[in-house]
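A.B. asks: Here you go, run_19.txt (compact mmCIF, C-alpha atoms):
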```txt
# COMPACT_ATOMS: atom_id res chain seq x y z
CA MET A 1 -17.01 -12.60 -23.96
CA SER A 2 -19.00 -9.93 -22.15
CA GLN A 3 -18.91 -9.63 -18.40
CA GLU A 4 -21.98 -11.32 -16.90
CA GLN A 5 -21.45 -10.73 -13.20
CA PRO A 6 -20.47 -7.46 -11.50
CA ILE A 7 -17.27 -7.27 -9.49
CA LYS A 8 -18.19 -7.92 -5.87
CA TYR A 9 -16.45 -6.94 -2.65
CA GLY A 10 -15.37 -10.54 -2.10
CA ASP A 11 -13.61 -10.51 -5.47
CA VAL A 12 -11.15 -7.77 -4.51
CA PHE A 13 -11.15 -7.56 -0.70
CA ASN A 14 -10.61 -10.11 2.07
CA VAL A 15 -14.15 -9.83 3.43
CA SER A 16 -16.90 -12.31 4.24
CA GLY A 17 -20.62 -12.56 4.89
CA GLU A 18 -23.14 -10.23 3.33
CA LEU A 19 -20.58 -7.70 2.13
CA ALA A 20 -18.59 -10.28 0.13
CA SER A 21 -21.57 -10.97 -2.14
CA LYS A 22 -22.44 -7.31 -2.79
CA PRO A 23 -21.44 -5.63 -6.07
CA ILE A 24 -19.17 -2.60 -5.69
CA MET A 25 -21.38 0.37 -6.56
CA PRO A 26 -20.40 3.82 -7.88
CA ARG A 27 -21.69 5.64 -4.80
CA ASP A 28 -19.88 3.21 -2.49
CA ALA A 29 -16.64 4.16 -4.26
CA ALA A 30 -17.48 7.86 -4.14
CA LEU A 31 -18.15 7.66 -0.40
CA MET A 32 -14.83 5.93 0.27
CA GLN A 33 -12.98 8.40 -1.93
CA ALA A 34 -14.55 11.37 -0.11
CA THR A 35 -13.75 9.76 3.26
CA GLU A 36 -10.10 9.19 2.28
CA ASN A 37 -9.78 12.75 1.02
CA GLN A 38 -11.18 14.11 4.27
CA ALA A 39 -9.13 11.87 6.56
CA LEU A 40 -5.87 11.67 4.60
CA GLY A 41 -5.90 14.81 2.49
CA GLN A 42 -5.94 12.76 -0.72
CA THR A 43 -6.95 9.41 -2.19
CA GLN A 44 -4.42 6.75 -1.23
CA LYS A 45 -2.62 5.36 -4.28
CA GLY A 46 -3.47 1.69 -4.60
CA GLY A 47 -5.76 1.93 -1.58
CA PRO A 48 -9.36 0.78 -1.06
CA ALA A 49 -10.96 3.86 -2.64
CA ALA A 50 -8.88 3.48 -5.80
CA VAL A 51 -9.73 -0.23 -6.03
CA MET A 52 -13.42 0.43 -5.44
CA GLN A 53 -13.43 3.19 -8.07
CA SER A 54 -11.89 0.88 -10.67
CA ALA A 55 -14.35 -1.93 -9.87
CA ALA A 56 -17.35 0.40 -9.91
CA THR A 57 -16.27 1.82 -13.27
CA VAL A 58 -16.05 -1.68 -14.76
CA ASN A 59 -19.46 -2.58 -13.33
CA THR A 60 -21.04 0.60 -14.66
CA THR A 61 -19.44 0.38 -18.11
CA ALA A 62 -20.69 -3.20 -18.44
CA GLY A 63 -24.21 -2.01 -17.63
CA LEU A 64 -24.43 -4.25 -14.57
CA VAL A 65 -25.06 -1.45 -12.06
CA GLY A 66 -26.45 2.06 -12.33
CA ARG A 67 -24.32 5.18 -12.06
CA ASP A 68 -26.20 6.31 -8.94
CA ASP A 69 -26.47 2.90 -7.27
CA ILE A 70 -25.29 2.31 -3.71
CA SER A 71 -25.08 -0.97 -1.81
CA GLU A 72 -27.27 -1.58 1.22
CA VAL A 73 -24.18 -2.02 3.41
CA ALA A 74 -22.66 1.33 2.42
CA ARG A 75 -26.03 3.06 2.63
CA ASP A 76 -27.13 1.66 5.98
CA GLN A 77 -23.79 1.12 7.77
CA GLY A 78 -21.58 3.63 5.96
CA VAL A 79 -17.87 3.65 5.22
CA SER A 80 -15.27 4.79 7.73
CA ILE A 81 -11.60 5.43 8.37
CA SER A 82 -10.08 5.13 11.83
CA GLU A 83 -6.60 6.12 12.93
CA THR A 84 -4.29 4.99 15.70
CA LYS A 85 -0.73 6.07 16.46
CA ALA A 86 2.17 3.62 16.74
CA GLY A 87 5.85 4.44 16.79
CA GLY A 88 5.28 7.93 15.46
CA ASN A 89 3.25 6.69 12.49
CA ARG A 90 -0.46 6.65 11.85
CA ILE A 91 -2.09 3.26 11.30
CA ILE A 92 -5.06 3.82 9.00
CA THR A 93 -7.90 1.29 8.96
CA GLU A 94 -10.60 1.58 6.28
CA SER A 95 -13.92 -0.20 6.60
CA VAL A 96 -17.15 -0.73 4.70
CA GLY A 97 -19.84 -1.39 7.26
CA ASN A 98 -18.10 -3.35 10.03
CA GLN A 99 -15.58 -5.11 7.78
CA VAL A 100 -12.02 -3.96 7.22
CA VAL A 101 -11.10 -3.51 3.54
CA GLY A 102 -7.63 -2.08 4.08
CA GLN A 103 -5.05 -1.20 6.71
CA PHE A 104 -1.75 0.55 6.19
CA VAL A 105 0.79 2.83 7.79
CA GLU A 106 0.83 6.49 6.88
CA PRO A 107 3.81 8.73 7.71
CA ASP A 108 2.79 11.33 10.27
CA VAL A 109 4.09 14.12 8.06
CA PRO A 110 2.12 17.16 6.85
CA MET A 111 1.25 17.18 3.15
CA ASN A 112 3.17 20.44 2.66
CA ALA A 113 6.22 19.38 4.65
CA PRO A 114 9.48 21.03 3.50
CA ALA A 115 12.00 19.04 1.49
CA ILE A 116 14.56 17.05 3.49
CA ALA A 117 16.79 15.81 0.69
CA LEU A 118 19.72 18.03 1.71
CA ASP A 119 19.72 17.12 5.40
CA PRO A 120 22.93 15.10 5.94
CA ASN A 121 21.42 13.41 9.00
CA ALA A 122 18.23 12.27 7.27
CA ILE A 123 17.45 8.57 6.95
CA THR A 124 17.85 7.36 3.39
CA ILE A 125 15.74 4.89 1.46
CA GLY A 126 18.57 2.37 1.64
CA GLU A 127 18.76 2.72 5.41
CA ALA A 128 14.99 2.31 5.70
CA LEU A 129 15.12 -0.89 3.64
CA GLU A 130 17.92 -2.24 5.83
CA ALA A 131 15.83 -1.40 8.90
CA SER A 132 13.03 -3.65 7.67
CA ALA A 133 15.57 -6.48 7.40
CA VAL A 134 16.23 -6.44 11.15
CA THR A 135 12.61 -6.25 12.32
CA ARG A 136 10.45 -9.31 12.91
CA ALA A 137 9.36 -8.93 9.28
CA GLY A 138 12.94 -9.69 8.25
CA ASN A 139 12.19 -13.40 8.65
CA LYS A 140 9.21 -13.17 6.31
CA PRO A 141 9.61 -14.94 2.95
CA VAL A 142 9.64 -12.40 0.13
CA ASP A 143 6.35 -12.28 -1.79
CA GLN A 144 5.05 -10.17 -4.65
CA SER A 145 3.92 -7.34 -2.37
CA ASP A 146 7.41 -7.09 -0.88
CA ALA A 147 9.02 -7.17 -4.32
CA ALA A 148 6.72 -4.42 -5.60
CA ALA A 149 7.46 -2.24 -2.57
CA ILE A 150 11.23 -2.77 -2.92
CA GLN A 151 11.05 -1.97 -6.63
CA ALA A 152 9.14 1.25 -5.89
CA ALA A 153 11.72 2.17 -3.25
CA GLU A 154 14.60 1.55 -5.65
CA MET A 155 13.04 3.71 -8.36
CA ARG A 156 12.46 6.47 -5.80
CA ALA A 157 16.06 6.24 -4.62
CA THR A 158 17.57 6.32 -8.11
CA GLY A 159 15.05 8.63 -9.79
CA ASN A 160 14.92 6.07 -12.61
CA ASN A 161 11.64 4.56 -13.79
CA GLU A 162 13.42 1.40 -14.90
CA LEU A 163 14.85 -1.24 -12.59
CA GLU A 164 18.58 -1.89 -12.54
CA PRO A 165 19.41 -5.32 -14.03
CA GLY A 166 20.62 -7.46 -11.14
CA GLY A 167 19.72 -4.69 -8.70
CA LEU A 168 17.72 -4.75 -5.49
CA GLY A 169 14.28 -4.71 -7.14
CA ALA A 170 15.23 -7.42 -9.63
CA THR A 171 16.67 -9.55 -6.82
CA ALA A 172 13.46 -9.14 -4.81
CA GLN A 173 11.33 -10.14 -7.79
CA SER A 174 13.44 -13.22 -8.42
CA ALA A 175 13.14 -14.17 -4.75
CA ALA A 176 9.34 -13.72 -4.78
CA THR A 177 9.03 -15.89 -7.88
CA ARG A 178 11.40 -18.53 -6.51
CA ASN A 179 9.59 -18.63 -3.17
CA THR A 180 6.40 -19.82 -4.90
CA ARG A 181 8.27 -22.85 -6.24
CA THR A 182 10.55 -24.02 -3.44
CA LEU A 183 10.44 -24.90 0.24
CA GLN A 184 13.73 -23.07 0.87
CA LYS A 185 12.44 -19.53 1.20
CA THR A 186 14.39 -16.31 0.66
CA THR A 187 13.51 -13.77 3.35
CA LEU A 188 13.38 -9.99 3.44
CA SER A 189 16.56 -10.07 5.53
CA ASP A 190 18.33 -12.06 2.81
CA VAL A 191 17.45 -9.44 0.19
CA LEU A 192 17.69 -6.21 2.19
CA SER A 193 20.46 -6.67 4.77
CA ASP A 194 22.93 -4.74 2.58
CA ALA A 195 20.44 -2.60 0.66
CA ARG A 196 22.63 0.51 0.64
CA GLU A 197 25.42 -1.34 -1.14
CA LYS A 198 23.04 -2.71 -3.76
CA LEU A 199 21.43 0.64 -4.59
CA PRO A 200 23.29 2.59 -7.31
CA ALA A 201 21.97 5.82 -5.74
CA ASP A 202 20.24 6.81 -2.53
CA LYS A 203 18.28 9.75 -1.10
CA ALA A 204 16.57 10.92 2.05
CA VAL A 205 13.08 9.49 2.54
CA THR A 206 10.20 11.92 2.00
CA ARG A 207 6.46 11.57 2.48
CA GLU A 208 6.07 11.19 -1.29
CA ASP A 209 8.55 8.30 -1.28
CA ALA A 210 6.63 6.62 1.52
CA GLU A 211 3.31 7.03 -0.26
CA GLY A 212 4.72 5.47 -3.43
CA VAL A 213 6.08 2.47 -1.56
CA ILE A 214 2.90 2.03 0.50
CA GLY A 215 0.77 2.09 -2.65
CA ALA A 216 2.97 -0.50 -4.36
CA GLU A 217 2.75 -2.86 -1.39
CA LEU A 218 -1.02 -2.45 -1.03
CA ARG A 219 -1.72 -3.09 -4.70
CA ASN A 220 -0.11 -6.50 -4.42
CA LYS A 221 -1.72 -7.71 -1.21
CA LEU A 222 -5.09 -9.43 -1.27
CA ASP A 223 -5.99 -8.21 2.22
CA MET A 224 -4.75 -4.68 1.41
CA ARG A 225 -2.81 -4.51 4.67
CA THR A 226 0.81 -3.47 4.79
CA THR A 227 3.13 -5.84 6.65
CA PRO A 228 3.94 -4.65 10.21
CA GLY A 229 7.63 -3.75 10.24
CA GLY A 230 7.85 -4.50 6.53
CA VAL A 231 9.10 -2.39 3.64
CA ALA A 232 6.26 0.13 3.51
CA ALA A 233 6.12 0.47 7.29
CA SER A 234 9.87 1.07 7.54
CA VAL A 235 9.87 3.68 4.78
CA ALA A 236 6.90 5.43 6.38
CA ALA A 237 8.68 5.44 9.75
CA ALA A 238 11.78 6.94 8.13
CA ALA A 239 9.72 9.72 6.53
CA THR A 240 8.23 10.60 9.92
CA LEU A 241 11.61 10.55 11.67
CA ASN A 242 13.15 12.74 8.98
CA GLN A 243 10.39 15.29 9.33
CA ASN A 244 10.71 15.29 13.13
CA LYS A 245 14.42 16.15 12.80
CA LEU A 246 13.39 19.39 11.12
CA ALA A 247 10.86 20.28 13.79
```
Just give me the structure as C-alpha cells.

C.D. replies:
Amino acid sequence: MSQEQPIKYGDVFNVSGELASKPIMPRDAALMQATENQALGQTQKGGPAAVMQSAATVNTTAGLVGRDDISEVARDQGVSISETKAGGNRIITESVGNQVVGQFVEPDVPMNAPAIALDPNAITIGEALEASAVTRAGNKPVDQSDAAAIQAAEMRATGNNELEPGGLGATAQSAATRNTRTLQKTTLSDVLSDAREKLPADKAVTREDAEGVIGAELRNKLDMRTTPGGVAASVAAAATLNQNKLA
C-alpha cells in the first residue's frame, strides 16, 4: 500500500500545536543539518537532523512534498541550537521554531582530541556505566533507550560488533523487555552496579565512544532527550574528564 500522508513532526518528535501537524520538508532537514554541522562540527548520529533527513527523504520519494519545499515554521521562525554548560559537559538543545525537538549531552572535547586509550588514569567505559548506577538515574527502570545505550557502550568497550550472550547488553535488553510486562521493575542500578565485572573487556572513554552511546540512546527515545545522569550522560562526562586530564 502506498504512503498517503507525509511524515509529520508530530509523528517523530514530542511536539504539539502547529508544528506537530506540519510535514517534515527537505529544506527543513537541510537547515537543521547545516545548523548541527556549524554548532557541533558534524551531524549528530541519531539526532534531530538525521531523523528529519530520513523523514524528508521518505516524503519526497513518495511524491508527497517537493524537493525544495520548506515548512512555514522553519521558514518564518527558523531552526536553532542552543548550548549550556553543566558539570563540564555541553547540554545541546535543538529547536524548530519555538519547540524543542531534541536535547542531549555532548562531551566538551575537541573533535581532534588526542587518543587517551593508554592513559592508566583514564576513566573506562565500565567505570562510566557504574557511575550512572549511583546517580539519581540509577533508580530509573531500564527501558529500550537505556538498553540500546548500554549495548553501544559494551560494543565500544569490547571492540566487537556482536553482543556477548548473557553479557551486560543482553542483560539490559532482557530487563527492558521484562519491565514492559511486570510491576516489579529492574533499574539501571540493578544492571550496572558491577558493570566492570560483567564486561569481558574495557577501555578508556573517548569522544567517539560518547557519541556512539549518545546516538544509541537518542534513537530509542520518543522525546529525543538523553536521561540526566543516565548512560549517555555518564559516558559523555567521562570523555570530558579524560580529556581534561591530558590538558

A.B. asks: Excluding same-chain residues fewer than 4 positions from segment 170-175 of chain A, what lies within 10 Å of it counting only C-alpha atoms, as a PyMOL selection string?

C.D. replies: chain A and resi 141-151+154+163-166+179-180+185-188+190-192+198

A.B. asks: Just to confirm, what's the straight-line distance from atom CA of Phe13 of chain A to atom CA of Gly97 of chain A in Å (one decimal)?

C.D. replies: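 We find that atom CA of Phe13 of chain A and atom CA of Gly97 of chain A lie 13.3 Å from each other.
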
A.B. asks: Here is a test: counting all atoms listed in the file, which residue of A:Ala204, A:Ala74, A:Leu222, A:Ala157 is nearest to Ala122 of chain A?

C.D. replies: A:Ala204

A.B. asks: Restricting the calculation to all atoms listed in the file: of A:Val235, A:Leu19, A:Ala49, A:Leu183, which residue gets closest to Gly126 of chain A?

C.D. replies: A:Val235

A.B. asks: So, counting only C-alpha atoms, which residue among A:Thr61, A:Ser193, A:Thr227, A:Gln33 is closest to Leu129 of chain A?

C.D. replies: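 Comparing A:Thr61, A:Ser193, A:Thr227, A:Gln33 against Leu129 of chain A, the winner is A:Ser193.
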
A.B. asks: If I take atom CA of Glu162 of chain A and atom CA of Ser189 of chain A, how far is one from the other in Å, to one decimal?

C.D. replies: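 Separation between atom CA of Glu162 of chain A and atom CA of Ser189 of chain A: 23.6 Å.
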
A.B. asks: Give me, as a PyMOL selection string, all polymer residues having an atom no more than 9 Å from Ile92 of chain A, counting only C-alpha atoms and skipping those fewer than 2 positions away in the same chain.

C.D. replies: chain A and resi 81-85+90+94+102-106

A.B. asks: Interatomic distance between atom CA of Val73 of chain A and atom CA of Met25 of chain A?

C.D. replies: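 Between atom CA of Val73 of chain A and atom CA of Met25 of chain A the gap is 10.6 Å.
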
A.B. asks: Smallest atom-to-atom distance to Lys140 of chain A: which of A:Val231, A:Ala128, A:Val12, A:Val101, using all atoms listed in the file?

C.D. replies: A:Val231

A.B. asks: Using all atoms listed in the file, which of A:Val51, A:Val58, A:Ala152, A:Ala39 sits nearest Pro6 of chain A?

C.D. replies: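 Of A:Val51, A:Val58, A:Ala152, A:Ala39, the one nearest Pro6 of chain A, counting all atoms listed in the file, is A:Val58.
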
A.B. asks: With distances taken over all atoms listed in the file, which residue among A:Gln42, A:Asn98, A:Thr135, A:Thr240 lies nearest Val15 of chain A?

C.D. replies: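 Looking at the shortest contact to Val15 of chain A, the residue is A:Asn98.
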
A.B. asks: So for segment 211-220 of chain A, what box centre and size do we get, axis-aligned, 8 Å extra on each of the six sides, every listed atom, Å to one decimal, as JSON?

C.D. replies:
```
{"center_x": 2.2, "center_y": 0.3, "center_z": -2.1, "size_x": 23.8, "size_y": 29.5, "size_z": 21.2}
```

A.B. asks: Compile the contact shell of Lys8 of chain A as a CSV table (one decimal) with C-alpha atoms, in the frame of the given file: residues with an atom at most 8 Å away, counting all atoms listed in the file, same-chain residues fewer than 5 positions apart removed.

C.D. replies:
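Output contents, as saved in out.csv:
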```
chain,number,residue,atom,x,y,z
A,20,ALA,CA,-18.6,-10.3,0.1
A,21,SER,CA,-21.6,-11.0,-2.1
A,22,LYS,CA,-22.4,-7.3,-2.8
A,23,PRO,CA,-21.4,-5.6,-6.1
A,24,ILE,CA,-19.2,-2.6,-5.7
```
